[in-house]
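Undergrad: One file is attached below, upload10.csv, containing CSV, C-alpha atoms and all ligand atoms.
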```csv
chain,number,residue,atom,x,y,z
A,108,LEU,CA,-16.7,-31.0,-49.3
A,109,ILE,CA,-13.0,-30.4,-48.6
A,110,TYR,CA,-12.9,-26.6,-48.3
A,111,LEU,CA,-9.5,-25.3,-49.4
A,112,ASP,CA,-10.4,-21.7,-50.3
A,113,HIS,CA,-9.8,-19.9,-47.0
A,114,ASN,CA,-8.1,-17.0,-48.8
A,115,ALA,CA,-11.5,-16.2,-50.4
A,116,THR,CA,-13.4,-16.5,-47.1
A,117,THR,CA,-13.2,-18.5,-43.9
A,118,PRO,CA,-16.1,-20.2,-42.1
A,119,LEU,CA,-17.3,-18.3,-39.0
A,120,ASP,CA,-15.7,-19.8,-35.9
A,121,PRO,CA,-18.4,-21.2,-33.6
A,122,GLU,CA,-17.1,-19.1,-30.7
A,123,VAL,CA,-17.5,-16.0,-32.8
A,124,ARG,CA,-21.0,-17.0,-33.7
A,125,VAL,CA,-22.0,-17.4,-30.1
A,126,GLU,CA,-20.9,-13.8,-29.3
A,127,MET,CA,-22.6,-12.5,-32.4
A,128,ASP,CA,-25.8,-14.3,-31.6
A,129,ARG,CA,-25.9,-12.6,-28.2
A,130,CYS,CA,-25.9,-9.2,-30.0
A,131,LEU,CA,-28.9,-10.2,-32.1
A,132,ASP,CA,-31.3,-11.1,-29.2
A,133,GLY,CA,-33.0,-7.7,-29.3
A,134,SER,CA,-31.5,-6.4,-26.0
A,135,LEU,CA,-29.0,-3.9,-27.5
A,136,GLY,CA,-29.7,-0.3,-28.4
A,137,ASN,CA,-27.9,2.1,-30.6
A,138,PRO,CA,-24.3,2.4,-29.2
A,139,SER,CA,-24.6,6.2,-29.3
A,140,SER,CA,-27.7,6.2,-27.1
A,141,LEU,CA,-27.3,7.2,-23.4
A,142,HIS,CA,-29.6,4.6,-22.0
A,143,SER,CA,-28.4,1.3,-20.6
A,144,ALA,CA,-29.4,-0.6,-23.8
A,145,GLY,CA,-27.2,1.7,-25.8
A,146,GLN,CA,-24.4,1.7,-23.3
A,147,ALA,CA,-24.3,-2.1,-23.3
A,148,ALA,CA,-23.8,-2.0,-27.1
A,149,ARG,CA,-21.1,0.6,-26.6
A,150,ARG,CA,-19.2,-1.6,-24.1
A,151,LEU,CA,-19.2,-4.5,-26.7
A,152,ILE,CA,-17.7,-2.1,-29.3
A,153,ASP,CA,-15.1,-0.9,-26.8
A,154,ARG,CA,-14.1,-4.5,-25.9
A,155,ALA,CA,-13.9,-5.5,-29.6
A,156,ARG,CA,-11.6,-2.4,-30.3
A,157,GLU,CA,-9.3,-3.6,-27.5
A,158,ARG,CA,-9.2,-7.2,-29.0
A,159,VAL,CA,-8.4,-6.0,-32.5
A,160,ALA,CA,-5.8,-3.6,-31.2
A,161,ARG,CA,-4.1,-6.4,-29.2
A,162,LEU,CA,-3.8,-8.7,-32.3
A,163,ILE,CA,-1.6,-6.1,-34.1
A,164,GLY,CA,0.2,-4.4,-31.1
A,165,ALA,CA,-1.8,-1.2,-31.5
A,166,GLN,CA,-3.7,1.0,-29.0
A,167,PRO,CA,-7.5,0.8,-29.0
A,168,ASP,CA,-7.9,4.4,-30.1
A,169,GLU,CA,-5.9,3.6,-33.2
A,170,ILE,CA,-8.6,1.2,-34.5
A,171,LEU,CA,-11.4,2.3,-36.8
A,172,PHE,CA,-14.2,-0.2,-37.6
A,173,CYS,CA,-15.6,-0.4,-41.1
A,174,SER,CA,-17.2,-2.9,-43.5
A,175,GLY,CA,-14.1,-4.9,-44.5
A,176,GLY,CA,-10.8,-5.0,-46.3
A,177,THR,CA,-12.0,-3.0,-49.3
A,178,GLU,CA,-13.3,-0.1,-47.3
A,179,ALA,CA,-10.3,-0.1,-45.0
A,180,ASN,CA,-8.0,0.2,-48.1
A,181,ASN,CA,-10.1,2.9,-49.7
A,182,LEU,CA,-10.2,4.9,-46.5
A,183,ALA,CA,-6.4,4.6,-46.0
A,184,ILE,CA,-5.6,5.5,-49.6
A,185,ALA,CA,-8.1,8.2,-50.4
A,186,GLY,CA,-8.3,9.5,-46.8
A,187,THR,CA,-4.6,10.3,-46.7
A,188,LEU,CA,-4.2,11.8,-50.1
A,189,GLY,CA,-5.8,15.2,-49.3
A,190,ALA,CA,-6.8,17.8,-51.8
A,191,ARG,CA,-3.4,18.9,-53.2
A,192,PRO,CA,-2.0,17.1,-56.2
A,193,ALA,CA,0.0,14.2,-54.8
A,194,HIS,CA,2.0,11.1,-55.7
A,195,LEU,CA,1.3,7.6,-54.5
A,196,ILE,CA,3.3,4.4,-54.8
A,197,THR,CA,2.0,0.8,-54.8
A,198,THR,CA,3.0,-2.6,-56.2
A,199,ALA,CA,1.8,-4.6,-59.2
A,200,VAL,CA,0.6,-7.5,-57.0
A,201,GLU,CA,-1.8,-5.6,-54.7
A,202,HIS,CA,-5.4,-6.8,-54.4
A,203,GLN,CA,-7.9,-4.9,-56.6
A,204,ALA,CA,-9.1,-3.2,-53.4
A,205,VAL,CA,-5.8,-1.3,-53.4
A,206,LEU,CA,-5.0,-1.1,-57.1
A,207,ASN,CA,-8.4,0.3,-58.1
A,208,PRO,CA,-8.7,3.1,-55.6
A,209,CYS,CA,-5.1,4.1,-56.6
A,210,ARG,CA,-6.1,4.1,-60.3
A,211,HIS,CA,-9.3,6.0,-59.5
A,212,LEU,CA,-7.2,8.7,-57.8
A,213,GLU,CA,-4.9,8.7,-60.7
A,214,GLN,CA,-7.8,9.5,-63.0
A,215,SER,CA,-8.7,12.4,-60.6
A,216,GLY,CA,-5.2,13.9,-61.1
A,217,ALA,CA,-2.9,12.1,-58.7
A,218,ALA,CA,0.4,10.7,-59.9
A,219,LEU,CA,0.7,6.9,-59.5
A,220,THR,CA,3.8,4.6,-59.5
A,221,VAL,CA,3.1,0.9,-59.6
A,222,LEU,CA,6.3,-1.0,-58.7
A,223,PRO,CA,7.2,-4.4,-60.2
A,224,VAL,CA,8.0,-7.5,-58.3
A,225,ASP,CA,10.5,-10.4,-59.0
A,226,GLY,CA,9.7,-13.9,-60.1
A,227,GLU,CA,8.8,-14.9,-56.5
A,228,GLY,CA,6.4,-12.0,-56.2
A,229,LEU,CA,8.7,-9.9,-54.0
A,230,LEU,CA,9.1,-6.2,-54.0
A,231,ASP,CA,12.6,-4.7,-53.7
A,232,PRO,CA,12.4,-2.1,-50.9
A,233,ALA,CA,15.2,-0.1,-52.5
A,234,ALA,CA,12.8,0.4,-55.5
A,235,VAL,CA,10.5,2.3,-53.2
A,236,GLY,CA,13.3,4.6,-52.1
A,237,SER,CA,14.1,5.3,-55.7
A,238,ALA,CA,10.5,6.0,-56.6
A,239,LEU,CA,9.9,8.5,-53.7
A,240,ARG,CA,9.4,12.1,-54.9
A,241,PRO,CA,8.9,15.3,-52.9
A,242,ALA,CA,5.2,15.1,-53.7
A,243,THR,CA,4.8,11.5,-52.5
A,244,ARG,CA,2.2,11.3,-49.8
A,245,LEU,CA,1.5,7.6,-49.5
A,246,VAL,CA,3.1,4.2,-50.2
A,247,SER,CA,0.8,1.1,-50.0
A,248,VAL,CA,2.4,-2.3,-49.9
A,249,MET,CA,0.5,-5.4,-48.9
A,250,LEU,CA,1.8,-7.6,-46.1
A,251,ALA,CA,0.7,-10.9,-47.6
A,252,ASN,CA,-0.4,-11.7,-51.1
A,253,ASN,CA,-3.8,-13.3,-51.5
A,254,ASP,CA,-2.9,-15.3,-54.7
A,255,VAL,CA,0.5,-16.7,-53.9
A,256,GLY,CA,1.0,-15.9,-50.2
A,257,THR,CA,4.3,-13.9,-50.6
A,258,LEU,CA,5.1,-11.8,-47.6
A,259,GLN,CA,6.4,-8.4,-48.6
A,260,PRO,CA,9.4,-6.7,-46.8
A,261,VAL,CA,7.1,-4.0,-45.3
A,262,ALA,CA,9.5,-3.2,-42.4
A,263,ALA,CA,12.3,-2.5,-44.9
A,264,VAL,CA,9.9,-0.3,-46.9
A,265,ALA,CA,9.1,1.6,-43.7
A,266,THR,CA,12.8,2.5,-43.3
A,267,GLN,CA,12.6,4.3,-46.7
A,268,THR,CA,9.2,6.0,-46.1
A,269,ARG,CA,10.0,7.1,-42.5
A,270,ALA,CA,13.3,8.7,-43.6
A,271,ARG,CA,11.3,10.9,-46.1
A,272,GLY,CA,8.2,11.6,-44.0
A,273,VAL,CA,5.9,9.6,-46.3
A,274,LEU,CA,3.0,7.6,-45.0
A,275,LEU,CA,3.0,3.8,-45.3
A,276,HIS,CA,-0.1,1.7,-45.6
A,277,SER,CA,-0.2,-2.1,-45.6
A,278,ASP,CA,-3.2,-4.2,-46.7
A,279,ALA,CA,-3.0,-7.0,-44.1
A,280,ALA,CA,-6.3,-8.6,-45.0
A,281,GLN,CA,-4.6,-12.0,-45.7
A,282,ALA,CA,-1.9,-11.6,-43.1
A,283,ALA,CA,-4.0,-10.9,-40.0
A,284,GLY,CA,-4.5,-14.1,-38.0
A,285,LYS,CA,-2.0,-16.1,-40.1
A,286,ILE,CA,1.3,-14.4,-39.1
A,287,ARG,CA,2.3,-12.2,-36.1
A,288,ILE,CA,1.7,-8.6,-36.8
A,289,ASP,CA,3.2,-5.8,-34.7
A,290,VAL,CA,2.5,-2.4,-36.2
A,291,ALA,CA,5.4,-0.8,-34.3
A,292,ALA,CA,7.9,-3.3,-35.6
A,293,LEU,CA,6.5,-3.0,-39.1
A,294,GLY,CA,6.7,0.8,-39.0
A,295,VAL,CA,3.3,1.2,-40.8
A,296,ASP,CA,1.1,4.2,-40.3
A,297,LEU,CA,-2.1,2.5,-41.6
A,298,LEU,CA,-3.0,-1.2,-41.8
A,299,SER,CA,-6.2,-2.9,-43.1
A,300,ILE,CA,-7.9,-6.0,-41.6
A,301,ALA,CA,-10.8,-8.0,-43.0
A,302,GLY,CA,-12.9,-10.0,-40.5
A,303,HIS,CA,-14.0,-12.8,-42.9
A,304,LYS,CA,-10.4,-13.8,-43.6
A,305,LEU,CA,-9.8,-14.8,-40.0
A,306,HIS,CA,-12.9,-16.7,-39.2
A,307,GLY,CA,-14.9,-13.6,-38.4
A,308,PRO,CA,-18.0,-12.3,-40.2
A,309,GLN,CA,-18.2,-11.0,-43.7
A,310,GLY,CA,-18.8,-7.3,-43.9
A,311,SER,CA,-16.5,-6.5,-40.9
A,312,GLY,CA,-13.1,-4.9,-41.0
A,313,ALA,CA,-10.8,-2.4,-39.3
A,314,LEU,CA,-8.3,0.2,-40.2
A,315,TYR,CA,-5.3,0.8,-37.9
A,316,VAL,CA,-4.4,4.5,-38.0
A,317,ARG,CA,-1.3,5.4,-36.1
A,318,ARG,CA,-1.9,8.2,-33.6
A,319,GLY,CA,-1.2,11.6,-35.1
A,320,THR,CA,-1.8,10.4,-38.7
A,321,ARG,CA,-4.0,12.9,-40.6
A,322,LEU,CA,-7.0,11.1,-42.2
A,323,ASP,CA,-10.0,12.6,-44.0
A,324,PRO,CA,-13.3,10.6,-44.0
A,325,LEU,CA,-14.8,9.3,-47.2
A,326,LEU,CA,-18.3,9.4,-45.8
A,327,PHE,CA,-20.0,12.4,-44.0
A,328,GLY,CA,-22.6,12.0,-41.3
A,329,GLY,CA,-22.6,11.5,-37.5
A,330,HIS,CA,-19.7,11.4,-35.0
A,331,GLN,CA,-19.3,7.6,-35.0
A,332,GLU,CA,-15.7,6.3,-35.2
A,333,ARG,CA,-14.5,9.9,-34.4
A,334,GLY,CA,-16.4,11.1,-37.5
A,335,LEU,CA,-13.9,9.2,-39.7
A,336,ARG,CA,-16.5,6.4,-40.5
A,337,PRO,CA,-19.9,7.8,-39.6
A,338,GLY,CA,-23.0,5.6,-39.5
A,339,THR,CA,-24.6,3.5,-36.8
A,340,GLU,CA,-22.1,0.7,-36.0
A,341,SER,CA,-23.0,-3.0,-36.7
A,342,VAL,CA,-22.5,-4.2,-33.2
A,343,ALA,CA,-22.8,-7.9,-34.1
A,344,ALA,CA,-20.2,-7.6,-36.9
A,345,ILE,CA,-17.8,-5.6,-34.8
A,346,THR,CA,-18.2,-8.0,-31.8
A,347,GLY,CA,-17.6,-10.9,-34.2
A,348,LEU,CA,-14.5,-9.3,-35.6
A,349,GLY,CA,-13.2,-8.6,-32.1
A,350,LYS,CA,-13.7,-12.2,-31.0
A,351,ALA,CA,-12.1,-13.5,-34.2
A,352,CYS,CA,-9.1,-11.4,-33.4
A,353,GLU,CA,-8.9,-12.6,-29.9
A,354,LEU,CA,-9.1,-16.3,-31.0
A,355,ALA,CA,-6.5,-15.6,-33.8
A,356,ALA,CA,-4.1,-14.1,-31.2
A,357,ALA,CA,-4.5,-17.1,-28.9
A,358,ARG,CA,-4.1,-19.7,-31.7
A,359,LEU,CA,-1.7,-18.0,-34.0
A,360,ALA,CA,1.5,-20.0,-33.4
A,361,GLU,CA,-0.3,-23.4,-33.3
A,362,ASP,CA,-2.5,-22.6,-36.3
A,363,ALA,CA,0.5,-21.4,-38.4
A,364,ARG,CA,2.5,-24.6,-37.5
A,365,ARG,CA,-0.4,-26.9,-38.3
A,366,LEU,CA,-1.4,-25.1,-41.5
A,367,ALA,CA,2.2,-25.0,-42.8
A,368,ALA,CA,2.4,-28.8,-42.2
A,369,LEU,CA,-0.8,-29.4,-44.2
A,370,ARG,CA,0.3,-27.0,-47.0
A,371,ASN,CA,3.8,-28.7,-47.2
A,372,ALA,CA,2.3,-32.2,-47.3
A,373,PHE,CA,-0.1,-31.1,-50.0
A,374,GLU,CA,2.7,-29.6,-52.1
A,375,GLU,CA,5.1,-32.5,-51.6
A,376,GLY,CA,2.3,-35.0,-52.7
A,377,VAL,CA,1.4,-33.0,-55.8
A,378,LEU,CA,5.0,-32.4,-56.9
A,379,ALA,CA,5.9,-36.1,-56.4
A,380,ARG,CA,2.8,-37.5,-58.2
A,381,ILE,CA,1.9,-35.0,-60.9
A,382,ALA,CA,4.2,-34.3,-63.9
A,383,GLY,CA,4.5,-30.7,-64.9
A,384,ALA,CA,3.3,-29.3,-61.5
A,385,ALA,CA,5.2,-26.3,-60.1
A,386,VAL,CA,4.6,-24.3,-56.9
A,387,ASN,CA,4.7,-20.5,-57.3
A,388,SER,CA,6.6,-18.4,-54.8
A,389,SER,CA,8.0,-21.4,-53.1
A,390,HIS,CA,11.4,-19.7,-52.5
A,391,ALA,CA,9.9,-16.5,-51.0
A,392,PRO,CA,8.8,-16.0,-47.4
A,393,ARG,CA,5.1,-16.8,-47.6
A,394,LEU,CA,1.9,-17.4,-45.6
A,395,PRO,CA,1.8,-20.8,-43.9
A,396,ASN,CA,-1.6,-21.7,-45.5
A,397,THR,CA,-1.3,-20.7,-49.1
A,398,SER,CA,-0.2,-22.8,-52.1
A,399,SER,CA,-0.4,-21.6,-55.7
A,400,VAL,CA,0.3,-24.5,-58.1
A,401,SER,CA,0.7,-24.4,-61.9
A,402,PHE,CA,0.0,-27.5,-64.0
A,403,GLU,CA,1.7,-27.4,-67.4
A,404,GLY,CA,-0.7,-27.3,-70.3
A,405,LEU,CA,-3.9,-27.4,-68.2
A,406,ASP,CA,-6.5,-24.7,-67.7
A,407,GLY,CA,-6.7,-23.8,-64.0
A,408,GLU,CA,-10.3,-22.8,-64.1
A,409,ALA,CA,-11.3,-26.2,-65.7
A,410,LEU,CA,-9.2,-27.9,-63.0
A,411,ALA,CA,-11.0,-26.0,-60.2
A,412,ILE,CA,-14.4,-27.0,-61.7
A,413,ASN,CA,-13.3,-30.6,-61.9
A,414,LEU,CA,-12.1,-30.5,-58.4
A,415,ASP,CA,-15.5,-29.0,-57.3
A,416,LEU,CA,-17.2,-32.1,-58.9
A,417,LEU,CA,-14.8,-34.2,-56.8
A,418,GLU,CA,-15.9,-32.2,-53.7
A,419,VAL,CA,-12.7,-30.1,-53.3
A,420,ALA,CA,-13.2,-26.4,-53.2
A,421,VAL,CA,-10.2,-24.4,-54.5
A,422,SER,CA,-9.9,-21.2,-56.6
A,423,THR,CA,-7.9,-19.8,-59.5
A,424,GLY,CA,-7.0,-16.7,-57.6
A,425,ALA,CA,-8.8,-13.8,-55.9
A,426,ALA,CA,-12.5,-14.5,-55.7
A,427,CYS,CA,-13.4,-11.0,-56.9
A,428,SER,CA,-11.3,-11.4,-60.1
A,429,THR,CA,-12.8,-14.8,-61.0
A,430,ALA,CA,-15.7,-13.3,-62.9
A,431,THR,CA,-13.3,-11.4,-65.3
A,432,ARG,CA,-11.7,-14.7,-66.4
A,433,GLU,CA,-8.4,-12.7,-66.8
A,434,PRO,CA,-5.3,-14.6,-65.7
A,435,SER,CA,-4.0,-13.6,-62.2
A,436,HIS,CA,-2.4,-10.2,-62.5
A,437,VAL,CA,-0.1,-11.3,-59.6
A,438,LEU,CA,1.3,-14.3,-61.6
A,439,LEU,CA,1.7,-12.0,-64.7
A,440,ALA,CA,3.6,-9.5,-62.6
A,441,MET,CA,5.8,-12.3,-61.5
A,442,GLY,CA,6.8,-12.9,-65.1
A,443,ARG,CA,4.6,-15.8,-65.9
A,444,THR,CA,3.1,-16.0,-69.4
A,445,PRO,CA,-0.7,-15.7,-69.7
A,446,GLU,CA,-0.8,-19.4,-70.4
A,447,GLN,CA,1.3,-20.3,-67.4
A,448,ALA,CA,-0.8,-18.0,-65.2
A,449,ARG,CA,-4.0,-19.6,-66.5
A,450,SER,CA,-2.7,-23.0,-65.6
A,451,SER,CA,-2.7,-22.3,-61.8
A,452,ILE,CA,-4.9,-23.0,-58.9
A,453,ARG,CA,-4.8,-21.5,-55.4
A,454,VAL,CA,-5.2,-23.9,-52.5
A,455,SER,CA,-5.6,-22.2,-49.1
A,456,PHE,CA,-5.9,-24.2,-45.9
A,457,GLY,CA,-7.7,-23.1,-42.7
A,458,ARG,CA,-8.4,-24.0,-39.1
A,459,GLY,CA,-10.9,-26.7,-39.9
A,460,ASN,CA,-8.7,-28.7,-42.3
A,461,THR,CA,-7.0,-32.0,-41.3
A,462,ALA,CA,-4.0,-34.0,-42.5
A,463,GLU,CA,-6.4,-36.6,-43.9
A,464,GLN,CA,-8.1,-33.9,-46.0
A,465,ALA,CA,-4.8,-32.6,-47.3
A,466,ALA,CA,-3.9,-36.2,-48.4
A,467,ARG,CA,-7.3,-36.7,-50.0
A,468,ALA,CA,-6.9,-33.4,-51.8
A,469,VAL,CA,-3.7,-34.7,-53.4
A,470,ASP,CA,-5.5,-37.8,-54.6
A,471,ARG,CA,-8.3,-35.7,-56.1
A,472,VAL,CA,-6.0,-33.3,-57.8
A,473,GLU,CA,-4.1,-36.2,-59.3
A,474,GLN,CA,-7.4,-37.8,-60.4
A,475,ALA,CA,-8.7,-34.5,-62.0
A,476,VAL,CA,-5.4,-33.8,-63.8
A,477,GLN,CA,-5.3,-37.4,-65.1
A,478,LEU,CA,-8.9,-37.1,-66.4
A,479,MET,CA,-8.2,-33.8,-68.1
A,480,ARG,CA,-5.0,-35.0,-69.6
A,481,ARG,CA,-6.6,-38.2,-70.9
A,482,GLY,CA,-9.5,-36.1,-72.3
A,483,ALA,CA,-7.1,-33.8,-74.1
A,484,ALA,CA,-5.0,-36.7,-75.5
A,501,LIG,C1,-5.3,-8.9,-49.8
A,501,LIG,C2,-6.8,-8.5,-49.8
A,501,LIG,N1,-7.1,-7.2,-49.6
A,501,LIG,C3,-8.4,-6.9,-49.6
A,501,LIG,C4,-9.4,-7.8,-49.7
A,501,LIG,C5,-10.9,-7.3,-49.6
A,501,LIG,O1,-11.4,-7.5,-48.4
A,501,LIG,P1,-13.0,-7.5,-48.2
A,501,LIG,O2,-13.5,-8.7,-49.0
A,501,LIG,O3,-13.2,-7.7,-46.7
A,501,LIG,O4,-13.5,-6.3,-48.7
A,501,LIG,C6,-9.1,-9.1,-49.9
A,501,LIG,C7,-10.1,-10.2,-50.0
A,501,LIG,O5,-11.0,-10.2,-50.8
A,501,LIG,C8,-7.8,-9.5,-49.9
A,501,LIG,O6,-7.4,-10.8,-50.2
```
Please, can you express the file's structure as structure tokens?
Ligand SMILES: Cc1ncc(COP(=O)(O)O)c(C=O)c1O
TA:
Amino acid sequence: LIYLDHNATTPLDPEVRVEMDRCLDGSLGNPSSLHSAGQAARRLIDRARERVARLIGAQPDEILFCSGGTEANNLAIAGTLGARPAHLITTAVEHQAVLNPCRHLEQSGAALTVLPVDGEGLLDPAAVGSALRPATRLVSVMLANNDVGTLQPVAAVATQTRARGVLLHSDAAQAAGKIRIDVAALGVDLLSIAGHKLHGPQGSGALYVRRGTRLDPLLFGGHQERGLRPGTESVAAITGLGKACELAAARLAEDARRLAALRNAFEEGVLARIAGAAVNSSHAPRLPNTSSVSFEGLDGEALAINLDLLEVAVSTGAACSTATREPSHVLLAMGRTPEQARSSIRVSFGRGNTAEQAARAVDRVEQAVQLMRRGAA
């Protein structure tokens, strides 16, 4: 199988697995226990916190561990809104894990503004400035889009929010490990990371919370994670996330260069050989690994299924939206018609892919498209 769906999830890095395995040998206690078995677990969590912080230029005490990107986003959004009626702003191309908590809060009485994007999927930072109100508490703008890879101008948005004393959250689930992140340069107050998008374990994640940012917990229980995310920590998952962040930091430049070369070779091959193919967001700054391609007149889902039969794994967009069979809300927000949006597949490269696989993927896409077009003729 040629696995080209790394934006859905990435294989666990073998070095991550080694460190996680050591956590599962039965020698570790509860990290809150005073005895040596507990303290050994605590030290692993401390080390992981330092590694996660280092990847994004944060301090260790600004990192909260949680179960993944969805929980980090929910905590950032609902945890900063507070009890008073408030206004929040987000964009039309966010992942469901941002849009749905925002909509939920709207149903509970908050005011919500969902800003549009242009044809490349980019937000105009000036639009954030115009949308800010005295009651605005939070702006949430993703760093990198999961469907098309567009990088949003988060630092420029921060200039607007800072000037008005409004908190800024960024969902960096797809960005972390693929592009350099420096929370100070970005100017964000909160930033979400998902372990399984950077060759770490599923069910691991972190929320960066700038020192001094007021955050309320969503869960109530013990004192873990300063009471902001109570519950006994998953030492193995946290250790795996920490190791994945350490590896990502060490390999970032090399991975990005290599993945961009694979992605570009794939796109050049597809565009040269398949009539009616078009790359979405190709003129925007975007992730090095992500390619969203539309094939005129074809059904993207059928194409993805045909490619699976040819042993190439791609997707039609966010894995969690696949079950709904709705066209990508990201492509619709970019002005594509439902038919155009339905004609797209998402190809996302990762650390294990080779140039030979990228070339073979072009052959298989061409083969599948030809088969489908012949079948339809
Ligand atoms: C941009 C983005 N945010 C959030 C998530 C959710 O992360 P998780 O699956 O760790 O809950 C994902 C992936 O599914 C994503 O792509």
Undergrad: Take atom O1 of ligand LIG 501 (chain A) and atom CA of Asn252 of chain A and report the distance between them in Å, one decimal.
TA: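 The value is 12.1 Å.
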Undergrad: Using only C-alpha atoms and all ligand atoms, find each residue with an atom at most 9 Å away from ligand LIG 501 (chain A) and format the answer as an MDAnalysis selection string.
TA: chainID A and resid 114:116 174:180 201:205 249:254 278:282 299:304 309:312 425:427
Undergrad: Since we have the selection now, will you write its residues out, keeping C-alpha atoms, as a PDB file, in the coordinates of the input?
TA:
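Generated file (again.pdb):
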```pdb
ATOM      1  CA  ASN A 114      -8.100 -17.000 -48.800  1.00  0.00           C
ATOM      2  CA  ALA A 115     -11.500 -16.200 -50.400  1.00  0.00           C
ATOM      3  CA  THR A 116     -13.400 -16.500 -47.100  1.00  0.00           C
ATOM      4  CA  SER A 174     -17.200  -2.900 -43.500  1.00  0.00           C
ATOM      5  CA  GLY A 175     -14.100  -4.900 -44.500  1.00  0.00           C
ATOM      6  CA  GLY A 176     -10.800  -5.000 -46.300  1.00  0.00           C
ATOM      7  CA  THR A 177     -12.000  -3.000 -49.300  1.00  0.00           C
ATOM      8  CA  GLU A 178     -13.300  -0.100 -47.300  1.00  0.00           C
ATOM      9  CA  ALA A 179     -10.300  -0.100 -45.000  1.00  0.00           C
ATOM     10  CA  ASN A 180      -8.000   0.200 -48.100  1.00  0.00           C
ATOM     11  CA  GLU A 201      -1.800  -5.600 -54.700  1.00  0.00           C
ATOM     12  CA  HIS A 202      -5.400  -6.800 -54.400  1.00  0.00           C
ATOM     13  CA  GLN A 203      -7.900  -4.900 -56.600  1.00  0.00           C
ATOM     14  CA  ALA A 204      -9.100  -3.200 -53.400  1.00  0.00           C
ATOM     15  CA  VAL A 205      -5.800  -1.300 -53.400  1.00  0.00           C
ATOM     16  CA  MET A 249       0.500  -5.400 -48.900  1.00  0.00           C
ATOM     17  CA  LEU A 250       1.800  -7.600 -46.100  1.00  0.00           C
ATOM     18  CA  ALA A 251       0.700 -10.900 -47.600  1.00  0.00           C
ATOM     19  CA  ASN A 252      -0.400 -11.700 -51.100  1.00  0.00           C
ATOM     20  CA  ASN A 253      -3.800 -13.300 -51.500  1.00  0.00           C
ATOM     21  CA  ASP A 254      -2.900 -15.300 -54.700  1.00  0.00           C
ATOM     22  CA  ASP A 278      -3.200  -4.200 -46.700  1.00  0.00           C
ATOM     23  CA  ALA A 279      -3.000  -7.000 -44.100  1.00  0.00           C
ATOM     24  CA  ALA A 280      -6.300  -8.600 -45.000  1.00  0.00           C
ATOM     25  CA  GLN A 281      -4.600 -12.000 -45.700  1.00  0.00           C
ATOM     26  CA  ALA A 282      -1.900 -11.600 -43.100  1.00  0.00           C
ATOM     27  CA  SER A 299      -6.200  -2.900 -43.100  1.00  0.00           C
ATOM     28  CA  ILE A 300      -7.900  -6.000 -41.600  1.00  0.00           C
ATOM     29  CA  ALA A 301     -10.800  -8.000 -43.000  1.00  0.00           C
ATOM     30  CA  GLY A 302     -12.900 -10.000 -40.500  1.00  0.00           C
ATOM     31  CA  HIS A 303     -14.000 -12.800 -42.900  1.00  0.00           C
ATOM     32  CA  LYS A 304     -10.400 -13.800 -43.600  1.00  0.00           C
ATOM     33  CA  GLN A 309     -18.200 -11.000 -43.700  1.00  0.00           C
ATOM     34  CA  GLY A 310     -18.800  -7.300 -43.900  1.00  0.00           C
ATOM     35  CA  SER A 311     -16.500  -6.500 -40.900  1.00  0.00           C
ATOM     36  CA  GLY A 312     -13.100  -4.900 -41.000  1.00  0.00           C
ATOM     37  CA  ALA A 425      -8.800 -13.800 -55.900  1.00  0.00           C
ATOM     38  CA  ALA A 426     -12.500 -14.500 -55.700  1.00  0.00           C
ATOM     39  CA  CYS A 427     -13.400 -11.000 -56.900  1.00  0.00           C
TER      40      CYS A 427
END
```
Undergrad: Which one of A:Leu222, A:Ile452, A:Leu359, A:Ala234 sits closest to Ala409 of chain A if you count only C-alpha atoms?
TA: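 Closest candidate: A:Ile452.
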Undergrad: So how many Å separate atom CA of Cys130 of chain A and atom CA of His142 of chain A, to one decimal?
TA: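 Between atom CA of Cys130 of chain A and atom CA of His142 of chain A the gap is 16.4 Å.
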Undergrad: So, counting all atoms listed in the file, which residue among A:Arg287, A:His306, A:Arg317, A:Arg244 is closest to Leu394 of chain A?
TA: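 Closest residue, counting all atoms listed in the file: A:Arg287.
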Undergrad: Gly164 of chain A: which residues within 10 Å, counting all atoms listed in the file, same-chain residues fewer than 5 positions away excluded, as a list in words?
TA: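 Listing them by chain and then by number gives Val159, Arg287, Ile288, Asp289, Val290, Ala291 and Ala292 of chain A.
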Undergrad: Within 8 Å of segment 224-233 of chain A, counting only C-alpha atoms, which residues qualify if same-chain residues fewer than 3 places away don't, as a list of chain:residue names?
TA: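 Result of the neighbour search: A:Thr198, A:Ala199, A:Val200, A:Gly236, A:Ser237, A:Val255, A:Thr257, A:Leu258, A:Gln259, A:Pro260, A:Val261, A:Ala263, A:Val264, A:Gln267, A:Asn387, A:Ser388, A:Ser389, A:His390, A:Ala391, A:Val437, A:Leu438, A:Ala440, A:Met441, A:Gly442, A:Arg443.
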Undergrad: For Ala483 of chain A, list every protein, DNA or RNA residue within 12 Å, evaluated using all atoms listed in the file, and leave out those in the same chain fewer than 2 positions away; present the list as a list in words.
TA: Gly404, Leu405, Asp406, Val476, Gln477, Leu478, Met479, Arg480 and Arg481 of chain A
Undergrad: Could you name the residues that touch Ala238 of chain A at 10 Å or less, counting all atoms listed in the file, but leaving out those on the same chain fewer than 3 positions away, as JSON, numbers by chain?
TA: {"A": [194, 195, 196, 220, 221, 222, 233, 234, 235, 243, 246]}
Undergrad: With 8 Å as the threshold, what does the neighbourhood of (-2.1, -34.2, -38.3) contain in terms of residues, counting all atoms listed in the file? Coordinates are those of the file; answer as an MDAnalysis selection string.
TA: chainID A and resid 365 369 461:463
Undergrad: Keeping C-alpha atoms, export the residues of the selection given above as a CSV table (one decimal), in the coordinates of the input.
TA:
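File written: part-v1.csv
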```csv
chain,number,residue,atom,x,y,z
A,365,ARG,CA,-0.4,-26.9,-38.3
A,369,LEU,CA,-0.8,-29.4,-44.2
A,461,THR,CA,-7.0,-32.0,-41.3
A,462,ALA,CA,-4.0,-34.0,-42.5
A,463,GLU,CA,-6.4,-36.6,-43.9
```
